file final33.cif (mmCIF, C-alpha atoms)
data_data
loop_
_atom_site.label_atom_id
_atom_site.label_comp_id
_atom_site.auth_asym_id
_atom_site.auth_seq_id
_atom_site.Cartn_x
_atom_site.Cartn_y
_atom_site.Cartn_z
CA MET A 165 113.42 112.08 128.77
CA THR A 166 112.92 108.43 129.77
CA CYS A 167 113.09 105.45 127.42
CA LYS A 168 109.31 105.07 127.71
CA GLU A 169 108.80 108.69 126.71
CA PHE A 170 111.20 108.20 123.83
CA LEU A 171 109.28 105.15 122.68
CA ALA A 172 105.99 107.06 122.74
CA LEU A 173 107.47 109.45 120.16
CA LEU A 174 109.44 106.85 118.18
CA ASP A 175 106.95 106.65 115.30
CA ASP A 176 106.65 110.42 115.01
CA MET A 177 110.42 110.63 114.90
CA ILE A 178 110.70 107.94 112.25
CA ASP A 179 107.95 109.65 110.22
CA ASP A 180 109.66 112.99 110.75
CA SER A 181 106.56 114.59 112.23
CA VAL A 182 107.91 116.02 115.49
CA THR A 183 108.44 119.65 116.40
CA ALA A 184 111.99 121.01 116.38
CA GLU A 185 111.84 121.21 120.19
CA ALA A 186 110.78 117.57 120.59
CA ARG A 187 113.35 116.54 118.00
CA ALA A 188 116.13 118.16 120.05
CA GLU A 189 114.99 116.28 123.17
CA LEU A 190 114.80 113.00 121.25
CA ASP A 191 118.25 113.54 119.77
CA ALA A 192 119.64 114.32 123.23
CA HIS A 193 118.14 111.08 124.56
CA LEU A 194 119.57 109.11 121.64
CA GLY A 195 123.00 110.58 122.34
CA ARG A 196 123.11 109.10 125.83
CA CYS A 197 121.03 105.91 125.49
CA ALA A 198 122.59 103.16 123.39
CA HIS A 199 119.50 101.01 123.92
CA CYS A 200 117.12 103.51 122.30
CA GLU A 201 119.63 104.25 119.57
CA VAL A 202 119.56 100.57 118.57
CA ILE A 203 115.75 100.48 118.75
CA PHE A 204 115.51 103.62 116.61
CA ASN A 205 118.02 102.52 113.95
CA THR A 206 116.76 98.95 113.63
CA THR A 207 113.09 99.96 113.57
CA ARG A 208 113.82 102.43 110.80
CA LYS A 209 115.75 99.72 108.96
CA THR A 210 112.83 97.27 109.41
CA ILE A 211 110.49 99.65 107.60
CA GLU A 212 113.05 100.36 104.90
CA ILE A 213 113.59 96.65 104.21
CA TYR A 214 109.87 95.93 103.89
CA ARG A 215 109.41 98.96 101.68
CA SER A 216 112.21 98.07 99.31
CA HIS A 217 111.55 94.33 98.94
CA GLU A 218 108.37 93.25 97.26
CA ILE A 219 107.58 89.99 99.00
CA TYR A 220 104.41 89.16 97.09
CA GLU A 221 105.22 89.80 93.48
CA LEU A 222 102.66 89.49 90.75
CA PRO A 223 104.42 87.74 87.85
CA ALA A 224 103.76 89.30 84.42
CA THR A 225 101.92 86.27 83.01
CA LEU A 226 99.60 86.00 86.01
CA ARG A 227 99.10 89.75 85.95
CA ASP A 228 98.06 89.67 82.30
CA ARG A 229 95.68 86.76 82.89
CA LEU A 230 94.04 88.42 85.90
CA HIS A 231 93.87 91.77 84.13
CA ALA A 232 92.10 90.21 81.14
CA ALA A 233 89.68 88.37 83.45
CA ILE A 234 88.85 91.56 85.35
CA MET A 235 88.18 93.55 82.20
CA ALA A 236 86.06 90.74 80.70
CA ARG A 237 83.92 90.65 83.86
CA CYS A 238 83.57 94.44 83.88
CA LYS A 239 82.50 94.48 80.23
CA LYS A 240 79.91 91.83 80.99
CA ALA A 241 78.62 93.94 83.87
CA CYS A 242 78.14 97.01 81.64
CA MET B 277 88.18 135.19 100.29
CA PRO B 278 89.84 132.85 97.78
CA THR B 279 88.50 132.88 94.25
CA ILE B 280 87.52 129.71 92.43
CA GLN B 281 90.58 130.13 90.25
CA SER B 282 92.97 130.36 93.21
CA ILE B 283 91.44 127.26 94.81
CA ALA B 284 91.80 125.39 91.54
CA GLY B 285 95.39 126.54 91.34
CA GLU B 286 96.17 125.30 94.85
CA LEU B 287 94.40 121.96 94.58
CA GLU B 288 95.52 120.12 91.49
CA PRO B 289 92.93 117.37 90.83
CA HIS B 290 94.23 113.82 91.22
CA PRO B 291 94.77 112.19 87.77
CA ASP B 292 92.29 109.44 88.75
CA VAL B 293 89.45 111.97 88.85
CA ALA B 294 89.51 112.46 85.07
CA LEU B 295 89.76 108.69 84.49
CA ILE B 296 86.75 108.06 86.75
CA ALA B 297 84.74 110.70 84.90
CA ARG B 298 85.54 108.93 81.64
CA VAL B 299 84.50 105.54 83.06
CA ARG B 300 81.23 107.07 84.25
CA GLY B 301 80.75 108.39 80.73
CA GLY B 302 80.98 104.82 79.41
CA ASP B 303 84.66 104.69 78.43
CA ILE B 304 85.79 101.32 79.76
CA SER B 305 89.34 101.81 78.49
CA ALA B 306 89.76 104.39 81.27
CA TYR B 307 88.92 101.67 83.79
CA ASP B 308 91.50 99.45 82.13
CA THR B 309 94.07 102.16 82.93
CA LEU B 310 92.95 102.32 86.58
CA VAL B 311 93.11 98.53 86.96
CA ARG B 312 96.58 98.46 85.40
CA LYS B 313 97.69 101.19 87.78
CA TYR B 314 96.58 99.52 91.03
CA GLU B 315 96.42 95.76 90.38
CA ARG B 316 99.83 94.99 91.85
CA GLN B 317 99.11 96.88 95.06
CA LEU B 318 95.71 95.23 95.49
CA PHE B 319 97.20 91.79 94.90
CA ARG B 320 99.89 92.43 97.54
CA ILE B 321 97.40 93.70 100.10
CA ALA B 322 95.06 90.76 99.50
CA GLN B 323 97.92 88.29 99.82
CA HIS B 324 99.14 89.92 103.05
CA ILE B 325 95.68 89.51 104.57
CA THR B 326 94.60 86.13 103.19
CA GLN B 327 98.13 84.66 103.11
CA ASN B 328 96.96 82.55 100.21
CA ARG B 329 97.76 83.17 96.59
CA GLU B 330 94.54 81.79 95.09
CA ASP B 331 92.46 83.84 97.50
CA ALA B 332 94.49 86.93 96.61
CA GLU B 333 93.81 86.35 92.91
CA ASP B 334 90.06 86.06 93.59
CA VAL B 335 90.02 89.06 95.92
CA MET B 336 91.80 91.22 93.39
CA GLN B 337 89.32 90.32 90.65
CA ASP B 338 86.26 90.69 92.88
CA ALA B 339 87.46 94.02 94.29
CA PHE B 340 87.96 95.59 90.87
CA LEU B 341 84.61 94.27 89.65
CA LYS B 342 82.83 95.55 92.77
CA ALA B 343 84.49 98.94 92.45
CA TYR B 344 83.39 99.11 88.83
CA GLU B 345 79.81 98.20 89.67
CA LYS B 346 79.68 100.64 92.57
CA LEU B 347 81.53 103.50 90.96
CA ASP B 348 78.42 105.67 91.24
CA GLN B 349 78.71 105.37 95.02
CA PHE B 350 82.26 106.72 95.02
CA GLN B 351 81.84 110.23 96.33
CA GLY B 352 85.28 111.57 95.63
CA ASN B 353 85.77 112.70 99.25
CA SER B 354 88.65 110.26 99.52
CA LYS B 355 91.13 109.11 96.92
CA PHE B 356 89.94 106.43 94.50
CA TYR B 357 92.89 104.26 95.58
CA THR B 358 91.90 104.46 99.26
CA TRP B 359 88.33 103.53 98.36
CA LEU B 360 89.60 100.62 96.29
CA VAL B 361 91.84 99.40 99.11
CA ARG B 362 88.90 99.48 101.50
CA ILE B 363 86.93 97.23 99.15
CA ALA B 364 89.92 94.87 98.81
CA VAL B 365 90.42 94.69 102.60
CA ASN B 366 86.74 93.84 103.11
CA GLU B 367 86.81 91.24 100.35
CA SER B 368 89.94 89.70 101.87
CA LEU B 369 88.37 89.47 105.32
CA MET B 370 85.24 87.92 103.81
CA ARG B 371 87.40 85.37 102.02
CA LEU B 372 89.08 84.47 105.32
CA ARG B 373 85.71 84.06 107.00
CA LYS B 374 84.69 81.61 104.28
CA ARG B 375 87.86 79.62 104.80
CA ARG B 376 87.42 79.47 108.54
CA THR B 377 83.74 78.66 108.20
CA GLY B 378 81.73 80.20 110.97
CA LYS B 379 84.65 81.80 112.75
CA MET B 380 84.51 85.60 112.87
CA VAL B 381 87.49 87.28 111.32
CA SER B 382 88.17 90.93 111.92
CA ILE B 383 91.05 93.31 112.06
CA ASP B 384 90.70 93.25 115.85
CA GLU B 385 91.71 89.61 115.98
CA ASP B 386 94.59 88.64 118.25
CA ILE B 387 95.18 92.19 119.45
CA GLU B 388 96.58 92.29 122.93
CA THR B 389 95.95 95.36 125.01
CA GLU B 390 99.24 95.77 126.84
CA GLU B 391 100.85 99.10 125.94
CA GLY B 392 104.06 100.93 126.40
CA SER B 393 106.60 98.24 127.30
CA VAL B 394 110.13 99.13 126.29
CA PRO B 395 111.83 96.44 124.16
CA ARG B 396 114.66 94.78 126.05
CA ASP B 397 116.69 93.54 123.13
CA LEU B 398 119.84 95.61 122.87
CA ALA B 399 121.49 93.68 120.08
CA ASP B 400 122.44 95.87 117.15
CA TRP B 401 122.16 94.67 113.57
CA ALA B 402 124.95 94.04 111.14
CA PRO B 403 125.50 96.85 108.64
CA ASP B 404 123.26 96.18 105.59
CA PRO B 405 122.08 92.92 107.19
CA GLU B 406 120.00 91.89 104.18
CA GLN B 407 123.26 91.45 102.25
CA ASN B 408 123.92 88.32 104.30
CA TYR B 409 121.11 86.49 102.55
CA ASN B 410 120.30 85.84 98.93
CA GLN B 411 117.04 87.19 97.49
CA ALA B 412 115.11 83.95 97.99
CA GLU B 413 116.27 83.58 101.61
CA LEU B 414 115.53 87.20 102.38
CA GLY B 415 112.06 86.95 100.83
CA GLU B 416 111.34 83.90 102.98
CA ILE B 417 112.54 85.66 106.13
CA LEU B 418 110.44 88.75 105.43
CA ARG B 419 107.33 86.68 104.59
CA LYS B 420 107.64 84.42 107.62
CA THR B 421 108.25 87.36 109.91
CA ILE B 422 105.31 89.49 108.80
CA GLN B 423 102.98 86.48 108.66
CA GLY B 424 103.67 85.93 112.35
CA LEU B 425 102.22 89.31 113.30
CA PRO B 426 98.65 89.49 114.64
CA GLN B 427 96.37 90.35 111.73
CA GLY B 428 95.28 93.72 113.13
CA PHE B 429 98.92 94.83 113.33
CA ARG B 430 99.88 93.34 109.99
CA ILE B 431 97.18 95.15 108.02
CA VAL B 432 98.05 98.51 109.56
CA PHE B 433 101.76 98.03 108.88
CA VAL B 434 101.15 96.96 105.27
CA LEU B 435 98.83 99.84 104.44
CA ARG B 436 100.78 102.51 106.26
CA ASP B 437 104.41 101.49 105.78
CA VAL B 438 104.49 99.24 102.73
CA GLU B 439 101.74 100.76 100.57
CA GLY B 440 102.33 104.31 101.75
CA LEU B 441 98.84 105.32 102.90
CA SER B 442 98.77 108.17 105.43
CA THR B 443 97.69 107.51 109.03
CA GLU B 444 94.35 109.20 108.25
CA GLU B 445 93.80 107.13 105.10
CA THR B 446 94.71 103.91 106.95
CA ALA B 447 92.22 104.80 109.71
CA GLU B 448 89.50 105.56 107.18
CA THR B 449 90.18 102.41 105.16
CA LEU B 450 90.04 100.13 108.19
CA GLY B 451 87.32 101.98 110.11
CA LEU B 452 89.71 102.59 113.00
CA SER B 453 90.42 105.73 115.01
CA ILE B 454 93.68 107.57 114.36
CA PRO B 455 95.03 106.74 117.87
CA ALA B 456 94.21 103.05 117.23
CA VAL B 457 96.17 103.12 113.97
CA LYS B 458 99.11 104.84 115.65
CA SER B 459 99.15 102.39 118.52
CA ARG B 460 99.00 99.36 116.21
CA LEU B 461 101.61 100.78 113.89
CA LEU B 462 104.11 101.29 116.71
CA ARG B 463 103.58 97.79 118.03
CA ALA B 464 103.72 96.27 114.54
CA ARG B 465 107.00 98.02 113.81
CA LEU B 466 108.51 96.99 117.15
CA GLN B 467 107.39 93.37 116.85
CA LEU B 468 108.74 93.09 113.31
CA ARG B 469 111.99 94.68 114.41
CA GLU B 470 112.34 92.21 117.26
CA ARG B 471 111.55 89.22 115.06
CA LEU B 472 113.94 90.33 112.33
CA SER B 473 116.69 90.72 114.94
CA ARG B 474 116.95 86.94 115.03
CA TYR B 475 118.22 87.03 111.47
CA PHE B 476 119.96 90.39 111.30
CA HIS B 477 121.75 90.37 114.64
CA ARG B 478 125.35 91.48 114.27
CA THR B 479 126.81 88.16 115.39
CA LYS B 480 124.06 85.85 114.19
CA ALA B 481 123.73 87.02 110.63
CA VAL B 482 125.52 84.09 109.08
CA LYS B 483 125.12 83.11 105.47
CA ASN B 484 123.26 79.93 104.51
CA THR B 485 121.34 79.39 107.72
CA GLY B 486 118.92 77.13 105.92
CA VAL B 487 115.96 79.48 106.25
CA GLY B 488 112.90 78.06 104.55
CA LYS B 489 114.46 74.71 104.07
#

call {"tool": "encode", "arguments": {"input": "final33.cif", "output": "structure tokens"}}
result
Amino acid sequence: MTCKEFLALLDDMIDDSVTAEARAELDAHLGRCAHCEVIFNTTRKTIEIYRSHEIYELPATLRDRLHAAIMARCKKAC
Amino acid sequence: MPTIQSIAGELEPHPDVALIARVRGGDISAYDTLVRKYERQLFRIAQHITQNREDAEDVMQDAFLKAYEKLDQFQGNSKFYTWLVRIAVNESLMRLRKRRTGKMVSIDEDIETEEGSVPRDLADWAPDPEQNYNQAELGEILRKTIQGLPQGFRIVFVLRDVEGLSTEETAETLGLSIPAVKSRLLRARLQLRERLSRYFHRTKAVKNTGVGK
């Protein structure tokens, strides 16, 4: 497997949607290619960081205000 | 041939289905529950697309109102949440168009066509690199980094990886083919990874770098 072939399957590997056969080939490539190992680990970490840190939080007071406004507009539209 | 009972047993109806039926029957408190359930997600998505807090507030309100008014058009073939997200994405893009008066804004904007290049950066990250920054610094890094992505990549990454939609749902929401979503997702992930490497690189991840100052 080449690095380009590895990259084509990177997302499927991260999303755990590869066949056992493909997984074995990908693992074998990772075992001998430090470059792809870094790409794989840091890409997975990138997703994990964005998933676990809410970067646009909705503060409780704003949330309550918007929620009330939405429901008032919906009631008016009834 | 499966019986009706066995099908019902296999496919548990989504909890939103009962709430929507109640709203259609005139029970607005059921809509209150749906809004409460999804308002944070819609706000996040709108802010990711518009990159403006006031616009995100307006989009969130308009999207819920539109969904309420058009609830009869919701067929139930897709999840209510996916349908809602599609409305919010369209509202966000419309809001951007208004801001950039006259200029077309679409999810195809800024998409380059080059495919398949292997990233050259070999630098590994520090273990738990986010620990090298405080919450405010990290938030600023993550915001700046994702804002730098082309819009068509950013939306796919947000829906698929941050909000947890499936590839199929993301494709349906954005009106894209599944291969297009997959291609954009890979490139979004790789570009974010490369940009974050500047901050999380094993030797460069130094505390108090003055990010956002």

call {"tool": "atom_distance", "arguments": {"input": "final33.cif", "atom1": "atom CA of B:Gly424", "atom2": "atom CA of B:Ala464"}}
result
10.6 Å

call {"tool": "interface_residues", "arguments": {"input": "final33.cif", "of": "chain B", "to": "chain A", "cutoff": "6 Å", "atoms": "all atoms listed in the file", "output": "tab-separated table (two decimals) with C-alpha atoms, keeping the file's coordinate frame"}}
result
chain	number	residue	atom	x	y	z
B	320	ARG	CA	99.89	92.43	97.54
B	337	GLN	CA	89.32	90.32	90.65
B	341	LEU	CA	84.61	94.27	89.65
B	398	LEU	CA	119.84	95.61	122.87
B	400	ASP	CA	122.44	95.87	117.15
B	415	GLY	CA	112.06	86.95	100.83
B	438	VAL	CA	104.49	99.24	102.73
B	469	ARG	CA	111.99	94.68	114.41

call {"tool": "residues_around", "arguments": {"input": "final33.cif", "residues": "stretch 442-447 of chain B", "least_positions_apart": "4", "cutoff": "7 Å", "atoms": "all atoms listed in the file", "output": "number ranges by chain"}}
result
B: 358, 432, 435-436, 451-454, 457

call {"tool": "atom_distance", "arguments": {"input": "final33.cif", "atom1": "atom CA of B:Glu367", "atom2": "atom CA of B:Asp338"}}
result
7.5 Å

call {"tool": "residues_near_point", "arguments": {"input": "final33.cif", "point": "(124.0, 96.2, 109.1)", "cutoff": "12 Å", "atoms": "only C-alpha atoms", "output": "PyMOL selection string"}}
result
(chain A and resi 202+205-206+209-210+213) or (chain B and resi 399-408+473+475-481)

call {"tool": "atom_distance", "arguments": {"input": "final33.cif", "atom1": "atom CA of B:Lys342", "atom2": "atom CA of B:Tyr314"}}
result
14.4 Å

call {"tool": "resolve_selection", "arguments": {"input": "final33.cif", "expression": "the PyMOL selection byres ((chain B and resi 323) around 12)", "output": "JSON, numbers by chain"}}
result
{"A": [218, 219, 220, 221, 222], "B": [316, 317, 318, 319, 320, 321, 322, 324, 325, 326, 327, 328, 329, 330, 331, 332, 333, 334, 335, 336, 364, 365, 367, 368, 369, 371, 372, 419, 422, 423, 430, 431, 434]}

call {"tool": "build_atoms", "arguments": {"input": "final33.cif", "residues": "stretch 412-423 of chain B", "atoms": "N, CA and C atoms", "output": "PDB file, keeping the file's coordinate frame"}}
result
ATOM      1  N   ALA B 412     116.128  84.937  97.623  1.00  0.00           N
ATOM      2  CA  ALA B 412     115.110  83.950  97.990  1.00  0.00           C
ATOM      3  C   ALA B 412     115.044  83.788  99.514  1.00  0.00           C
ATOM      4  N   GLU B 413     116.231  83.720 100.150  1.00  0.00           N
ATOM      5  CA  GLU B 413     116.270  83.580 101.610  1.00  0.00           C
ATOM      6  C   GLU B 413     115.657  84.802 102.292  1.00  0.00           C
ATOM      7  N   LEU B 414     116.024  85.969 101.783  1.00  0.00           N
ATOM      8  CA  LEU B 414     115.530  87.200 102.380  1.00  0.00           C
ATOM      9  C   LEU B 414     114.000  87.291 102.236  1.00  0.00           C
ATOM     10  N   GLY B 415     113.509  86.940 101.048  1.00  0.00           N
ATOM     11  CA  GLY B 415     112.060  86.950 100.830  1.00  0.00           C
ATOM     12  C   GLY B 415     111.348  86.042 101.821  1.00  0.00           C
ATOM     13  N   GLU B 416     111.930  84.872 102.057  1.00  0.00           N
ATOM     14  CA  GLU B 416     111.340  83.900 102.980  1.00  0.00           C
ATOM     15  C   GLU B 416     111.347  84.450 104.410  1.00  0.00           C
ATOM     16  N   ILE B 417     112.441  85.069 104.786  1.00  0.00           N
ATOM     17  CA  ILE B 417     112.540  85.660 106.130  1.00  0.00           C
ATOM     18  C   ILE B 417     111.474  86.756 106.299  1.00  0.00           C
ATOM     19  N   LEU B 418     111.382  87.630 105.312  1.00  0.00           N
ATOM     20  CA  LEU B 418     110.440  88.750 105.430  1.00  0.00           C
ATOM     21  C   LEU B 418     108.989  88.251 105.446  1.00  0.00           C
ATOM     22  N   ARG B 419     108.698  87.241 104.614  1.00  0.00           N
ATOM     23  CA  ARG B 419     107.330  86.680 104.590  1.00  0.00           C
ATOM     24  C   ARG B 419     106.989  86.017 105.909  1.00  0.00           C
ATOM     25  N   LYS B 420     107.889  85.144 106.368  1.00  0.00           N
ATOM     26  CA  LYS B 420     107.640  84.420 107.620  1.00  0.00           C
ATOM     27  C   LYS B 420     107.436  85.388 108.780  1.00  0.00           C
ATOM     28  N   THR B 421     108.276  86.417 108.800  1.00  0.00           N
ATOM     29  CA  THR B 421     108.250  87.360 109.910  1.00  0.00           C
ATOM     30  C   THR B 421     106.946  88.155 109.941  1.00  0.00           C
ATOM     31  N   ILE B 422     106.529  88.664 108.802  1.00  0.00           N
ATOM     32  CA  ILE B 422     105.310  89.490 108.800  1.00  0.00           C
ATOM     33  C   ILE B 422     104.057  88.616 108.963  1.00  0.00           C
ATOM     34  N   GLN B 423     104.133  87.375 108.483  1.00  0.00           N
ATOM     35  CA  GLN B 423     102.980  86.480 108.660  1.00  0.00           C
ATOM     36  C   GLN B 423     102.743  86.145 110.126  1.00  0.00           C
TER      37      GLN B 423
END
